[in-house]
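This is query.pdb (PDB, C-alpha atoms).
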ATOM      1  CA  MET A  54     106.526 177.826 182.217
ATOM      2  CA  THR A  55     106.143 180.571 179.577
ATOM      3  CA  ASP A  56     104.467 180.072 176.198
ATOM      4  CA  ASN A  57     107.861 180.452 174.502
ATOM      5  CA  THR A  58     109.355 177.693 176.652
ATOM      6  CA  LEU A  59     106.373 175.454 175.946
ATOM      7  CA  SER A  60     106.672 175.985 172.186
ATOM      8  CA  GLN A  61     110.408 175.262 172.316
ATOM      9  CA  ALA A  62     109.773 172.042 174.244
ATOM     10  CA  ALA A  63     107.082 170.989 171.766
ATOM     11  CA  ALA A  64     109.398 171.734 168.839
ATOM     12  CA  GLY A  65     112.183 169.740 170.468
ATOM     13  CA  GLN A  66     109.831 166.815 171.074
ATOM     14  CA  GLU A  67     108.635 166.945 167.454
ATOM     15  CA  THR A  68     112.234 167.028 166.186
ATOM     16  CA  LYS A  69     113.072 164.026 168.361
ATOM     17  CA  GLU A  70     110.047 162.110 167.088
ATOM     18  CA  THR A  71     110.877 163.005 163.491
ATOM     19  CA  SER A  72     114.480 161.825 163.885
ATOM     20  CA  LYS A  73     113.217 158.571 165.375
ATOM     21  CA  MET A  74     110.855 158.169 162.427
ATOM     22  CA  PHE A  75     113.702 158.686 159.932
ATOM     23  CA  ARG A  76     115.780 155.985 161.658
ATOM     24  CA  GLN A  77     112.823 153.628 161.745
ATOM     25  CA  LEU A  78     112.110 154.245 158.077
ATOM     26  CA  PHE A  79     115.767 153.643 157.200
ATOM     27  CA  PHE A  80     115.984 150.270 158.927
ATOM     28  CA  ARG A  81     112.581 148.987 157.826
ATOM     29  CA  GLN A  82     112.982 149.891 154.144
ATOM     30  CA  PHE A  83     115.662 147.189 153.736
ATOM     31  CA  GLN A  84     112.777 144.679 153.667
ATOM     32  CA  LEU A  85     111.288 146.195 150.508
ATOM     33  CA  LEU A  86     111.953 142.975 148.577
ATOM     34  CA  GLY A  87     110.886 140.785 151.493
ATOM     35  CA  SER A  88     107.419 140.103 150.071
ATOM     36  CA  MET A  89     107.949 140.364 146.321
ATOM     37  CA  ASN A  90     105.081 138.926 144.274
ATOM     38  CA  TYR A  91     103.629 139.271 140.797
ATOM     39  CA  THR A  92     100.368 140.934 141.825
ATOM     40  CA  ARG A  93     101.722 143.843 143.875
ATOM     41  CA  MET A  94     105.500 143.529 143.398
ATOM     42  CA  GLU A  95     106.941 145.524 146.367
ATOM     43  CA  GLY A  96     103.532 146.809 147.490
ATOM     44  CA  LEU A  97     103.024 144.652 150.579
ATOM     45  CA  SER A  98     106.535 145.394 151.849
ATOM     46  CA  TYR A  99     105.949 149.095 151.185
ATOM     47  CA  GLY A 100     102.896 149.026 153.446
ATOM     48  CA  TRP A 101     104.753 146.974 156.072
ATOM     49  CA  THR A 102     107.609 149.506 156.082
ATOM     50  CA  LEU A 103     105.287 152.424 156.780
ATOM     51  CA  ALA A 104     102.936 150.557 159.151
ATOM     52  CA  PRO A 105     104.254 151.799 162.540
ATOM     53  CA  MET A 106     104.555 155.376 161.269
ATOM     54  CA  LEU A 107     101.045 155.304 159.831
ATOM     55  CA  LYS A 108      99.758 154.030 163.166
ATOM     56  CA  LYS A 109     101.135 157.139 164.868
ATOM     57  CA  ILE A 110      99.643 159.418 162.220
ATOM     58  CA  TYR A 111      96.219 157.732 162.459
ATOM     59  CA  PRO A 112      95.334 156.804 166.061
ATOM     60  CA  GLN A 113      91.866 155.708 164.921
ATOM     61  CA  PRO A 114      91.985 152.005 163.869
ATOM     62  CA  GLN A 115      89.725 152.467 160.827
ATOM     63  CA  GLN A 116      91.784 155.363 159.443
ATOM     64  CA  TYR A 117      94.974 153.418 160.075
ATOM     65  CA  LEU A 118      93.666 150.356 158.208
ATOM     66  CA  GLU A 119      92.565 152.517 155.272
ATOM     67  CA  ALA A 120      96.018 154.099 155.102
ATOM     68  CA  LEU A 121      97.679 150.682 155.356
ATOM     69  CA  LYS A 122      95.513 149.340 152.542
ATOM     70  CA  ARG A 123      96.208 152.450 150.472
ATOM     71  CA  ASN A 124      99.954 151.974 150.844
ATOM     72  CA  SER A 125      99.959 148.247 150.086
ATOM     73  CA  GLN A 126      98.935 148.648 146.446
ATOM     74  CA  PHE A 127     101.128 147.822 143.461
ATOM     75  CA  PHE A 128     104.566 149.417 143.753
ATOM     76  CA  ASN A 129     107.867 148.701 142.068
ATOM     77  CA  THR A 130     110.970 150.870 141.902
ATOM     78  CA  ASN A 131     114.680 150.902 142.687
ATOM     79  CA  GLN A 132     115.246 150.030 146.356
ATOM     80  CA  ALA A 133     117.769 152.805 147.000
ATOM     81  CA  LEU A 134     115.412 155.557 145.808
ATOM     82  CA  ALA A 135     112.245 154.099 147.319
ATOM     83  CA  PRO A 136     112.765 155.837 150.724
ATOM     84  CA  PHE A 137     112.335 159.233 149.027
ATOM     85  CA  ILE A 138     108.863 158.177 147.878
ATOM     86  CA  MET A 139     108.179 156.707 151.320
ATOM     87  CA  GLY A 140     109.088 159.973 153.023
ATOM     88  CA  LEU A 141     106.913 161.905 150.592
ATOM     89  CA  THR A 142     104.067 159.462 151.245
ATOM     90  CA  LEU A 143     104.344 159.962 155.016
ATOM     91  CA  SER A 144     104.202 163.737 154.652
ATOM     92  CA  MET A 145     101.082 163.435 152.478
ATOM     93  CA  GLU A 146      99.466 161.028 154.944
ATOM     94  CA  LYS A 147     100.216 163.471 157.752
ATOM     95  CA  GLU A 148      98.580 166.272 155.768
ATOM     96  CA  ASN A 149      95.583 164.029 155.110
ATOM     97  CA  ALA A 150      95.205 163.367 158.846
ATOM     98  CA  THR A 151      94.902 167.105 159.575
ATOM     99  CA  ASN A 152      93.120 168.302 156.426
ATOM    100  CA  PRO A 153      89.651 166.813 155.787
ATOM    101  CA  ALA A 154      89.626 168.237 152.235
ATOM    102  CA  PHE A 155      92.798 166.377 151.249
ATOM    103  CA  ASP A 156      92.442 164.137 148.183
ATOM    104  CA  THR A 157      93.791 160.708 149.192
ATOM    105  CA  SER A 158      93.937 159.563 145.551
ATOM    106  CA  SER A 159      96.859 161.953 145.081
ATOM    107  CA  ILE A 160      99.002 159.772 147.379
ATOM    108  CA  ASN A 161      98.965 156.744 145.093
ATOM    109  CA  GLY A 162      99.008 159.054 142.071
ATOM    110  CA  ILE A 163     102.350 160.522 143.146
ATOM    111  CA  LYS A 164     103.725 157.064 143.998
ATOM    112  CA  VAL A 165     102.825 155.625 140.592
ATOM    113  CA  ALA A 166     104.192 158.666 138.775
ATOM    114  CA  LEU A 167     107.555 158.555 140.574
ATOM    115  CA  MET A 168     108.220 154.815 140.711
ATOM    116  CA  GLY A 169     108.894 154.470 136.962
ATOM    117  CA  PRO A 170     111.410 157.313 136.536
ATOM    118  CA  PHE A 171     113.074 156.482 139.860
ATOM    119  CA  ALA A 172     113.439 152.851 138.779
ATOM    120  CA  GLY A 173     115.182 153.943 135.582
ATOM    121  CA  ILE A 174     117.474 156.417 137.340
ATOM    122  CA  GLY A 175     118.291 154.143 140.278
ATOM    123  CA  ASP A 176     118.901 151.006 138.226
ATOM    124  CA  SER A 177     121.063 152.877 135.724
ATOM    125  CA  PHE A 178     123.200 154.546 138.382
ATOM    126  CA  PHE A 179     123.547 151.871 141.069
ATOM    127  CA  TYR A 180     123.567 148.761 138.889
ATOM    128  CA  GLY A 181     124.855 150.122 135.595
ATOM    129  CA  VAL A 182     127.451 152.656 136.802
ATOM    130  CA  LEU A 183     128.366 152.496 140.485
ATOM    131  CA  ARG A 184     128.501 148.701 140.683
ATOM    132  CA  ILE A 185     130.713 148.534 137.580
ATOM    133  CA  ILE A 186     133.092 151.142 138.990
ATOM    134  CA  ALA A 187     133.259 149.358 142.355
ATOM    135  CA  THR A 188     133.846 146.009 140.635
ATOM    136  CA  GLY A 189     136.613 147.469 138.449
ATOM    137  CA  ILE A 190     138.426 148.840 141.497
ATOM    138  CA  ALA A 191     137.998 145.589 143.406
ATOM    139  CA  ILE A 192     139.157 143.329 140.548
ATOM    140  CA  GLY A 193     142.268 145.408 140.004
ATOM    141  CA  LEU A 194     143.345 144.957 143.611
ATOM    142  CA  ALA A 195     142.082 141.387 144.055
ATOM    143  CA  SER A 196     143.982 140.179 140.974
ATOM    144  CA  GLN A 197     147.180 141.318 142.718
ATOM    145  CA  GLY A 198     146.273 139.390 145.849
ATOM    146  CA  ASN A 199     145.362 142.532 147.784
ATOM    147  CA  PHE A 200     142.707 141.832 150.440
ATOM    148  CA  LEU A 201     141.486 145.432 150.149
ATOM    149  CA  GLY A 202     139.796 144.577 146.838
ATOM    150  CA  PRO A 203     136.574 143.061 148.280
ATOM    151  CA  LEU A 204     136.576 145.606 151.115
ATOM    152  CA  LEU A 205     136.789 148.544 148.707
ATOM    153  CA  TYR A 206     133.989 147.062 146.624
ATOM    154  CA  LEU A 207     131.708 146.992 149.672
ATOM    155  CA  LEU A 208     132.659 150.544 150.656
ATOM    156  CA  VAL A 209     132.464 152.123 147.189
ATOM    157  CA  TYR A 210     129.101 150.548 146.416
ATOM    158  CA  ASN A 211     127.366 150.588 149.798
ATOM    159  CA  ILE A 212     128.330 153.988 151.248
ATOM    160  CA  PRO A 213     126.568 156.017 148.503
ATOM    161  CA  ASN A 214     123.724 153.489 148.515
ATOM    162  CA  LEU A 215     123.124 153.791 152.254
ATOM    163  CA  LEU A 216     123.415 157.581 152.220
ATOM    164  CA  VAL A 217     120.839 157.861 149.449
ATOM    165  CA  ARG A 218     118.515 155.501 151.323
ATOM    166  CA  TYR A 219     118.652 157.481 154.569
ATOM    167  CA  TYR A 220     118.730 161.061 153.294
ATOM    168  CA  GLY A 221     116.290 160.235 150.515
ATOM    169  CA  GLY A 222     113.649 159.516 153.160
ATOM    170  CA  VAL A 223     114.538 162.733 154.985
ATOM    171  CA  MET A 224     114.353 164.825 151.809
ATOM    172  CA  GLY A 225     111.089 163.250 150.674
ATOM    173  CA  TYR A 226     109.411 163.921 154.026
ATOM    174  CA  ARG A 227     110.679 167.480 154.386
ATOM    175  CA  LEU A 228     109.911 168.339 150.784
ATOM    176  CA  GLY A 229     106.377 167.087 151.256
ATOM    177  CA  SER A 230     105.914 168.797 154.598
ATOM    178  CA  LYS A 231     107.017 172.093 153.084
ATOM    179  CA  TYR A 232     104.963 172.109 149.901
ATOM    180  CA  ILE A 233     101.967 169.765 150.263
ATOM    181  CA  ALA A 234      99.834 172.138 152.373
ATOM    182  CA  GLN A 235     100.579 175.085 150.065
ATOM    183  CA  ALA A 236      99.927 172.994 146.983
ATOM    184  CA  THR A 237      96.579 171.853 148.393
ATOM    185  CA  GLU A 238      95.429 175.395 149.148
ATOM    186  CA  SER A 239      96.516 176.812 145.792
ATOM    187  CA  GLY A 240      95.041 173.967 143.735
ATOM    188  CA  LEU A 241      98.476 172.978 142.480
ATOM    189  CA  LEU A 242      98.169 169.537 144.053
ATOM    190  CA  GLY A 243      95.104 168.851 141.909
ATOM    191  CA  CYS A 244      97.123 169.636 138.777
ATOM    192  CA  ILE A 245     100.005 167.496 140.016
ATOM    193  CA  THR A 246      97.619 164.637 140.780
ATOM    194  CA  LYS A 247      96.083 164.790 137.312
ATOM    195  CA  ALA A 248      99.508 164.870 135.673
ATOM    196  CA  ALA A 249     100.682 162.025 137.908
ATOM    197  CA  THR A 250      97.612 159.973 136.992
ATOM    198  CA  ILE A 251      98.272 160.466 133.277
ATOM    199  CA  MET A 252     101.913 159.555 133.705
ATOM    200  CA  GLY A 253     100.990 156.571 135.850
ATOM    201  CA  LEU A 254      98.646 155.256 133.152
ATOM    202  CA  MET A 255     101.411 155.687 130.601
ATOM    203  CA  MET A 256     103.776 153.710 132.852
ATOM    204  CA  VAL A 257     101.208 150.928 133.276
ATOM    205  CA  GLY A 258     100.767 150.774 129.506
ATOM    206  CA  ALA A 259     104.524 150.700 128.925
ATOM    207  CA  MET A 260     105.031 148.014 131.573
ATOM    208  CA  SER A 261     102.244 145.925 130.040
ATOM    209  CA  ALA A 262     103.825 146.176 126.582
ATOM    210  CA  VAL A 263     107.274 145.237 127.890
ATOM    211  CA  MET A 264     106.426 142.601 130.503
ATOM    212  CA  VAL A 265     103.457 140.759 128.967
ATOM    213  CA  LYS A 266     104.685 138.391 126.241
ATOM    214  CA  PHE A 267     102.248 136.277 124.238
ATOM    215  CA  ALA A 268     102.730 135.438 120.571
ATOM    216  CA  THR A 269     101.040 132.692 118.566
ATOM    217  CA  THR A 270     103.093 130.269 116.464
ATOM    218  CA  TYR A 271     100.129 128.967 114.477
ATOM    219  CA  LYS A 272     100.925 128.487 110.767
ATOM    220  CA  THR A 273      99.004 126.842 107.956
ATOM    221  CA  THR A 274      98.467 126.994 104.225
ATOM    222  CA  ILE A 275      95.378 128.579 102.660
ATOM    223  CA  ALA A 276      94.801 128.282  98.902
ATOM    224  CA  GLY A 277      98.418 127.287  98.469
ATOM    225  CA  GLN A 278      99.655 130.369 100.306
ATOM    226  CA  PRO A 279     101.380 130.281 103.699
ATOM    227  CA  PHE A 280      99.306 131.786 106.476
ATOM    228  CA  VAL A 281     100.993 133.009 109.657
ATOM    229  CA  LEU A 282      98.453 134.081 112.259
ATOM    230  CA  GLN A 283     100.888 136.275 114.218
ATOM    231  CA  ASP A 284     101.783 138.289 111.092
ATOM    232  CA  LEU A 285      98.095 138.987 110.511
ATOM    233  CA  LEU A 286      97.602 140.056 114.129
ATOM    234  CA  ASP A 287     100.657 142.347 113.956
ATOM    235  CA  LYS A 288      99.182 144.054 110.887
ATOM    236  CA  ILE A 289      95.998 144.726 112.842
ATOM    237  CA  CYS A 290      97.791 145.903 115.997
ATOM    238  CA  VAL A 291     101.244 145.067 117.312
ATOM    239  CA  GLY A 292     100.885 143.384 120.692
ATOM    240  CA  LEU A 293      97.157 142.800 120.239
ATOM    241  CA  ILE A 294      97.012 139.552 122.245
ATOM    242  CA  PRO A 295      98.993 140.935 125.247
ATOM    243  CA  LEU A 296      96.729 144.002 125.208
ATOM    244  CA  LEU A 297      93.603 141.829 125.257
ATOM    245  CA  LEU A 298      95.067 139.724 128.071
ATOM    246  CA  VAL A 299      95.829 142.808 130.178
ATOM    247  CA  LEU A 300      92.357 144.270 129.588
ATOM    248  CA  GLY A 301      90.784 140.881 130.359
ATOM    249  CA  CYS A 302      92.692 140.593 133.642
ATOM    250  CA  PHE A 303      91.739 144.156 134.536
ATOM    251  CA  TYR A 304      88.074 143.377 133.843
ATOM    252  CA  LEU A 305      88.176 140.274 136.042
ATOM    253  CA  LEU A 306      89.870 142.159 138.885
ATOM    254  CA  GLN A 307      87.239 144.887 138.610
ATOM    255  CA  LYS A 308      84.623 142.147 139.028
ATOM    256  CA  LYS A 309      86.276 141.241 142.367
ATOM    257  CA  ILE A 310      87.850 138.046 141.035
ATOM    258  CA  SER A 311      90.859 137.252 143.233
ATOM    259  CA  PRO A 312      94.361 137.711 141.715
ATOM    260  CA  ASN A 313      95.159 134.053 142.424
ATOM    261  CA  SER A 314      92.126 132.968 140.408
ATOM    262  CA  VAL A 315      93.196 135.223 137.541
ATOM    263  CA  LEU A 316      96.721 133.735 137.620
ATOM    264  CA  LEU A 317      95.268 130.218 137.625
ATOM    265  CA  LEU A 318      93.050 131.118 134.668
ATOM    266  CA  LEU A 319      96.094 132.406 132.746
ATOM    267  CA  ILE A 320      97.959 129.151 133.435
ATOM    268  CA  VAL A 321      94.998 127.089 132.188
ATOM    269  CA  LEU A 322      94.702 129.348 129.131
ATOM    270  CA  GLY A 323      98.397 128.883 128.391
ATOM    271  CA  PHE A 324      98.170 125.081 128.577
ATOM    272  CA  ALA A 325      95.014 125.038 126.447
ATOM    273  CA  ALA A 326      96.565 127.282 123.785
ATOM    274  CA  ALA A 327      99.695 125.130 123.730
ATOM    275  CA  ALA A 328      97.651 121.939 123.431
ATOM    276  CA  ALA A 329      95.717 123.473 120.521
ATOM    277  CA  GLY A 330      98.985 124.350 118.776
ATOM    278  CA  LEU A 331      98.382 128.099 118.957
ATOM    279  CA  ILE A 332     101.554 128.873 120.942
TER     280      ILE A 332
END

Can you give me the file's structure in the form of structure tokens?
Amino acid sequence: MTDNTLSQAAAGQETKETSKMFRQLFFRQFQLLGSMNYTRMEGLSYGWTLAPMLKKIYPQPQQYLEALKRNSQFFNTNQALAPFIMGLTLSMEKENATNPAFDTSSINGIKVALMGPFAGIGDSFFYGVLRIIATGIAIGLASQGNFLGPLLYLLVYNIPNLLVRYYGGVMGYRLGSKYIAQATESGLLGCITKAATIMGLMMVGAMSAVMVKFATTYKTTIAGQPFVLQDLLDKICVGLIPLLLVLGCFYLLQKKISPNSVLLLLIVLGFAAAAAGLI
């Protein structure tokens, strides 16, 4: 067999394996909300989705476990757009397996940077636009007793959703495969990683400000004047208590305190503050 025939056979085998990977990614990503929790959100399901593909990329057990751990960190985005990030992650993991100089921190950096904007875009389009359009079409027909109403709702909403899920994974993988190696050699990936890290920190700060709610209701009278503790804290820094709580939790996690212990401590703190009349 000539070298040309061998290369064609290898290319055909690689294409077949890649197509199989895309199908596997498509079917497994439906479980993204299967292990939702407050410490990692969709992170564990993200790692589970990529597990068999990572095992093929990293035949060595230790490298596979490191990749699995790396891809089971905190993650939260719109489910329809998540496969794009998954495909991009797989292409970066593949580059890492062949390039010893690859910076693995860039993998989570890119994930964190993309999950926020993709959540906003995906939620706005699929839940705020497409679902409303599909519901409007379905209600119009269903109110006339037409059985096509529910069927059209399923088709109008799910066909674009499924297409984005499948081809998003394909695009993410191929985009990564095309540019990651070049970006690594030129130093562009380092710049992207730094920018992604900055954006990721901004997203964590924004999520903390929006999701962490803690305000004191303590009021009293001092020298005949009403004293509202929360007003004083807001003058010092708006959201001061939530900020201190987030930094405190981060400090405890850095000290290897388990997330469950931190959650239990927050529950005890909440009960104690309520019993003291602070909240």

Contacts of Met106 in chain A at 10 Å (all atoms listed in the file; same-chain gap of 6+ positions) as JSON, numbers by chain: {"A": [74, 75, 77, 78, 117, 143, 146, 147]}

Protein/DNA/RNA residues near (111.8, 165.8, 154.3), cut 12 Å, only C-alpha atoms, as a VMD selection string: chain A and resid 68 71 to 72 74 to 75 136 to 145 219 to 233

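The space between CA of Ile310 in chain A and CA of Asn90 in chain A spans 17.6 Å.
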
Neighbour list for range 313-316 of chain A as a list in words, cut-off 12 Å, all atoms listed in the file, skip fewer than 3 positions in-chain: Asn90, Tyr91, Thr92, Arg93, Leu298, Val299, Gly301, Cys302, Phe303, Tyr304, Leu305, Leu306, Gln307, Lys308, Lys309, Ile310, Leu319, Ile320, Val321, Leu322 and Gly323 of chain A

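Each of A:Glu148, A:Gln113, A:Phe127, A:Phe171 was checked against Leu97 in chain A using only C-alpha atoms; the smallest atom-to-atom distance is that of A:Phe127.
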
Residues returned when the PyMOL selection byres ((chain A and resi 126) around 9) runs on this file, as a PyMOL selection string: chain A and resi 93-97+99-100+122-125+127-128+161

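In this structure, CA of Gly189 in chain A sits 26.8 Å away from CA of Ala135 in chain A.
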
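What separates CA of Ala133 in chain A from CA of Leu86 in chain A is a distance of 11.5 Å.
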
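With distances taken over all atoms listed in the file, A:Leu134 is the one residue among A:Leu201, A:Leu331, A:Ile192, A:Leu134 lying closest to Ala172 in chain A.
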
Output of the PyMOL selection byres ((chain A and resi 209) around 9), listed as a PyMOL selection string: chain A and resi 183-184+186-187+190+204-208+210-214

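The result of the PyMOL selection byres ((chain A and resi 271) around 10) on the shown file is Ala268, Thr269, Thr270, Lys272, Thr273, Phe280, Val281, Leu282, Gln283, Ala329, Gly330, Leu331 and Ile332 of chain A.
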